Amino acid sequence: MSIMISTTEENYLKAIFKLSEKKEGSVNTNAIAQELNTAAASVTEMIKRMAKKGLIHYESYKGTRLSKKGDKIARNLIRKHRLWECFLYEHLEFSWGEVHDIAEQLEHIKSEELVNRLDSYLDFPRFDPHGDPIPDANGNIQERKQQPLFNLKKGMKGVVTGVKEHTKPFLTYLDQLKITLGSEIEVIEFNKYDDSIKILNNKVEQLITQKVAKNIFIEVINTN
């Protein structure tokens, strides 16, 4: 027997899934509240309701983790979200800074047939416009070897594979710097005073802040 799941509950499942990716084990209430920009008291009330539906496992003072059922729903939501981002970016010419908010609305469409056809139409993409992996129809996620640009040492080179922050101001700023997925970056120099970094971006020298460097993912190029 299937259970009815609200849009709000779906958003909670997706938030818990994303937080679980960053930190192993249970997710605390304050982290969920911060992720969803809501009050901790409201989160506690909601997760108790969701636990009764078997969507999550919850223990007071220990935190929350997804049940098998909740994990499956969360992966499906993320799959839909990232497929819609690909469609909006590749076929409707939205920028990578615009697609997230629209995909937030489209991800709640229930039709599995529509999503499967969308996946096929897009030729089964593995990553979205921000470089995030897209779960396949079985919920499997392909990871890649990447690290924040800030972790690289002087002289190291890499290719931009993703971004940690998806906000429009940040992505617009990267557009101004002409830093996109596939950009080749070399670390030239670290400034010890403010931890800013001088980089070579597709043969153009640029200075970026520590904050920017921590939000850009790089796959290191083996120069040996």
# chains A, B, ... in the order shown; residues from 1 in each chain; ligands from 1
$ residues_around --residues "region 52-54 of chain A" --least-positions-apart "6" --cutoff "8 Å" --atoms "only C-alpha atoms" --output "PyMOL selection string"
chain A and resi 3+67+69-70
$ residues_around --residues "Val115 (chain A)" --least-positions-apart "2" --cutoff "10 Å" --atoms "only C-alpha atoms" --output "MDAnalysis selection string"
chainID A and resid 76 79:81 83:84 107 109:113 117:121 137
$ write_last_selection --atoms "C-alpha atoms" --output "compact mmCIF listing (two decimals), in the first residue's frame"
# COMPACT_ATOMS: atom_id res chain seq x y z
CA ASN A 76 14.47 9.80 -7.25
CA ARG A 79 17.42 12.44 -10.23
CA LYS A 80 14.39 14.42 -11.44
CA HIS A 81 15.84 17.71 -10.25
CA LEU A 83 17.61 15.94 -15.23
CA TRP A 84 15.36 18.99 -15.38
CA GLU A 107 11.19 17.83 -9.41
CA ILE A 109 6.15 15.94 -10.92
CA LYS A 110 5.07 12.37 -10.14
CA SER A 111 5.11 10.71 -13.59
CA GLU A 112 7.93 8.13 -13.74
CA GLU A 113 7.29 7.66 -17.46
CA ARG A 117 11.59 9.65 -21.32
CA LEU A 118 13.36 12.85 -20.29
CA ASP A 119 16.42 10.83 -19.29
CA SER A 120 16.39 9.05 -22.66
CA TYR A 121 15.83 12.30 -24.58
CA ALA A 137 16.76 4.82 -12.66
$ closest_atom_pairs --of "region 53-149 of chain A" --to "region 172-194 of chain A" --cutoff "10 Å" --atoms "only C-alpha atoms" --output "tab-separated table"
residue	atom	partner	partner_atom	distance
A:Ser95	CA	A:Thr172	CA	8.8
A:Trp96	CA	A:Thr172	CA	8.6
A:Gly97	CA	A:Thr172	CA	6.5
A:Glu98	CA	A:Thr172	CA	9.5
A:Pro129	CA	A:Leu181	CA	7.9
A:His130	CA	A:Leu181	CA	7.5
A:Gly131	CA	A:Leu181	CA	7.1
A:Leu149	CA	A:Val187	CA	8.5
$ write_last_selection --atoms "C-alpha atoms" --output "mmCIF file, in the first residue's frame"
data_model
loop_
_atom_site.group_PDB
_atom_site.id
_atom_site.type_symbol
_atom_site.label_atom_id
_atom_site.label_comp_id
_atom_site.auth_asym_id
_atom_site.auth_seq_id
_atom_site.Cartn_x
_atom_site.Cartn_y
_atom_site.Cartn_z
ATOM 1 C CA SER A 95 22.021 29.784 -17.447
ATOM 2 C CA TRP A 96 23.476 27.442 -14.835
ATOM 3 C CA GLY A 97 22.606 30.122 -12.283
ATOM 4 C CA GLU A 98 18.917 30.039 -13.218
ATOM 5 C CA PRO A 129 25.129 21.616 -15.332
ATOM 6 C CA HIS A 130 26.774 22.159 -11.929
ATOM 7 C CA GLY A 131 28.774 18.931 -12.158
ATOM 8 C CA LEU A 149 40.498 24.143 -5.837
#
$ select_by_dssp --residues "region 145-193 of chain A" --states "strand (DSSP E)" --output "list in words"
Gln147, Pro148, Lys157, Gly158, Val159, Val160, Thr161, Gly162, Val163, Glu184, Ile185, Glu186, Val187, Ile188, Glu189 and Phe190 of chain A
$ write_last_selection --atoms "C-alpha atoms" --output "JSON list (two decimals), in the first residue's frame"
[["chain", "number", "residue", "atom", "x", "y", "z"],
["A", 147, "GLN", "CA", 38.56, 18.18, -4.61],
["A", 148, "PRO", "CA", 38.18, 21.89, -3.84],
["A", 157, "LYS", "CA", 46.72, 21.77, -12.63],
["A", 158, "GLY", "CA", 43.17, 20.52, -12.93],
["A", 159, "VAL", "CA", 39.87, 20.69, -14.77],
["A", 160, "VAL", "CA", 36.76, 22.25, -13.24],
["A", 161, "THR", "CA", 34.26, 19.43, -12.65],
["A", 162, "GLY", "CA", 31.69, 21.09, -10.40],
["A", 163, "VAL", "CA", 30.72, 23.74, -7.90],
["A", 184, "GLU", "CA", 41.60, 24.21, -17.12],
["A", 185, "ILE", "CA", 43.06, 25.80, -13.99],
["A", 186, "GLU", "CA", 46.65, 26.02, -12.78],
["A", 187, "VAL", "CA", 47.58, 27.35, -9.33],
["A", 188, "ILE", "CA", 50.33, 29.95, -9.73],
["A", 189, "GLU", "CA", 50.67, 31.50, -6.30],
["A", 190, "PHE", "CA", 49.11, 31.64, -2.80]]
$ closest_residue --among "A:Ala51, A:Lys14, A:Ala103, A:Ile199" --to "Glu35 (chain A)" --atoms "only C-alpha atoms"
A:Lys14
$ residues_around --residues "Glu9 (chain A)" --least-positions-apart "2" --cutoff "10 Å" --atoms "only C-alpha atoms" --output "MDAnalysis selection string"
chainID A and resid 4:7 11:15 46:47 49:50 55 70
$ write_last_selection --atoms "C-alpha atoms" --output "PDB file, in the first residue's frame"
ATOM      1  CA  MET A   4       0.810   9.950   0.360  1.00  0.00           C
ATOM      2  CA  ILE A   5       3.889  12.155   0.592  1.00  0.00           C
ATOM      3  CA  SER A   6       3.607  15.936   0.530  1.00  0.00           C
ATOM      4  CA  THR A   7       5.932  18.318  -1.299  1.00  0.00           C
ATOM      5  CA  ASN A  11      11.936  18.512   0.492  1.00  0.00           C
ATOM      6  CA  TYR A  12      12.840  17.143   3.929  1.00  0.00           C
ATOM      7  CA  LEU A  13      13.935  13.808   2.460  1.00  0.00           C
ATOM      8  CA  LYS A  14      16.131  15.534  -0.106  1.00  0.00           C
ATOM      9  CA  ALA A  15      17.658  17.816   2.537  1.00  0.00           C
ATOM     10  CA  MET A  46       7.784  17.185  10.866  1.00  0.00           C
ATOM     11  CA  ILE A  47      10.390  14.445  11.316  1.00  0.00           C
ATOM     12  CA  ARG A  49       5.415  12.644  11.514  1.00  0.00           C
ATOM     13  CA  MET A  50       7.696  11.296   8.802  1.00  0.00           C
ATOM     14  CA  LEU A  55      10.331   7.518   5.742  1.00  0.00           C
ATOM     15  CA  GLY A  70      13.009   7.423   2.287  1.00  0.00           C
TER      16      GLY A  70
END
$ closest_residue --among "A:Phe217, A:Phe94, A:Phe127, A:Tyr61" --to "Val27 (chain A)" --atoms "only C-alpha atoms"
A:Tyr61
$ select_by_dssp --residues "region 19-121 of chain A" --states "alpha helix (DSSP H)" --output "ChimeraX atom specification"
/A:19-22,29-36,40-52,68-91,99-106,112-121
$ closest_residue --among "A:Leu106, A:Ala33, A:Ile16, A:Leu200" --to "Lys154 (chain A)" --atoms "only C-alpha atoms"
A:Leu200
$ closest_residue --among "A:Tyr58, A:Tyr89, A:Lys48, A:Leu171" --to "Asn28 (chain A)" --atoms "only C-alpha atoms"
A:Tyr58
$ atom_distance --atom1 "CA of Gly139 (chain A)" --atom2 "CA of Ser20 (chain A)"
15.5 Å
$ atom_distance --atom1 "CA of Leu19 (chain A)" --atom2 "CA of Ile197 (chain A)"
28.7 Å
